[in-house]
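Here is the structure we will look at, set down as structure tokens.
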Amino acid sequence: MIQFLRTFWFSLSASLLVIIVCLVRLGAEALAPLVTLMVIEVTFSFDNAVVNAKVLKKMSPLWQKLFLSVGILVAIFGMRLVFPIAIVALTAHLPWREVLDLALNNPLAYAHNLEIAHPTITAFGGSFLMMLALHFFMAENKGIHWIDTIERPLQQLNKWWMPGLITAAMVGIVAVAPFNHHPVDTIMSGGLGLLTYILIHGLTIYIGKRTETTSKLAHYTGWAAFVMFMYLELLDASFSLDGVLGAFAITDDVILITAGLGIGAVWVRSMTVSMVRNGTLDAYRFLEHGAHYAIFVLASVMLFAAWYEVPEALTGIMGVGLIIASVFSSNRFKSQKA
């Protein structure tokens with residue numbers, strides 16, 4: 001319990017504070033949608049926490065604290081409030097002040113404009129996350145396989161350009177398909193997501209090589225840590241894009257959505273830090289695999305959203321199911337080795 005409180009005291013305090021403020025300002029009827037949004041964000045973003053933990057454990061304790069403090073402000077206000085407003089302003093060709101006014105005073109119109117931006121959002125997030133999943137499964141130095149029949153053939157395609165080629169092909173197929181009424185948006189946003197990942201991934205590789213050759217430090221610091229920090233923020237943005245859209249099915253109150261998803265994001269980040277401190281990825285051999293399978297499912301759903309809109313609940317359940325299965329497989333492996 002003491003260890004739990006040390007890790008999650010901030011999440012507990014922030015949750016309690018937000019619940020009290022929402023009850024005072026919005027009334028008791030705000031409690032149910034607020035808690036629902038918090039639970040959805042935590043449940044459906046567990047794969048995000050797993051991937052974040054892999055990156056965060058390479059960062060110094062100072063940057064881990066910044067990830068929980070400064071980073072969470074970016075996650076709450078930047079990715080779950082400002083970013084959707086910016087997307088609506090760009091796609092609807094409206095001044096950002098007008099979009100902000102819609103978000104605060106006419107949430108139905110704001111939600112409608114956000115729905116119009118849906119093809120742009122899902123194509124970007126889908127291509128970015130697809131690159132992330134494929135890079136993991138096609139990595140040359142990936143020595144552990146969870147599902148051999150899938151992962152060994154994929155690893156044989158371990159050319160540096162293969163994840164980009166496959167992702168570009170998927171974006172192209174979705175763009176030219178007759179069911180897609182936004183082919184230009186799909187191509188442009190999907191291509192931007194692909195290029196963004198290539199840029200960030202290239203920087204992390206470069207920084208990794210520089211760190212290995214010029215420093216004996218166990219953690220990234222300075223410029224290297226800053227780039228990794230921004231990479232984590234981009235990951236968080238990609239994972240949260242679809243969640244912001246789906247939140248309007250629960251409530252049309254933008255402030256309530258930001259509060260609920262934001263507190264959920266705080267818990268996800270605390271879970272990430274807990275995984276780093278407790279060595280969870282080392283203890284559960286296939287957990288990272290389960291997370292990347294879940295990411296692949298999410299990326300596929302986002303890319304093919306132009307054809308068929310899979311309910312977010314189903315996507316989340318599939319993702320959580322894959323992660324739970326990977327935990328059971330990890331425990332079984334440990335039992336067999338014992």
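Naming scheme: A, B, ... for chains in displayed order of the structure tokens; residues 1 onward per chain; ligands 1 onward as shown.
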
Show which residues sit within 10 Å of A:Val320, as a list in words. Count only C-alpha atoms, and ignore same-chain residues fewer than 5 positions away.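 Returned residues: Thr43, Phe44, Ser45, Phe46, Asp47, Gly290, Ala291, Ala294, Leu314, Thr315, Ala325 and Ser326 of chain A.
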
Distance criterion (only C-alpha atoms): nearest to A:Val74 out of A:Ile255, A:Ile324, A:Leu199, A:Met230: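 Among the listed residues, the smallest separation from A:Val74 belongs to A:Met230.
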
Compile the contact shell of A:Ile173 as a ChimeraX atom specification: residues with an atom at most 12 Å away, counting only C-alpha atoms, same-chain residues fewer than 6 positions apart removed. /A:166-167,179-180,183,186-187,190,303-304,306-307

Closest to A:Val18 among A:Leu261, A:Met59, A:Leu234, A:Leu241, using only C-alpha atoms? A:Leu261

Could you list, as a list in words, every residue within 12 Å of A:Trp96, counting only C-alpha atoms and ignoring same-chain residues fewer than 6 positions away? Val82, Phe83, Pro84, Ile85, Ala86, Ile87, Val88, Ala89, Leu90, Leu102, Ala103 and Tyr110 of chain A
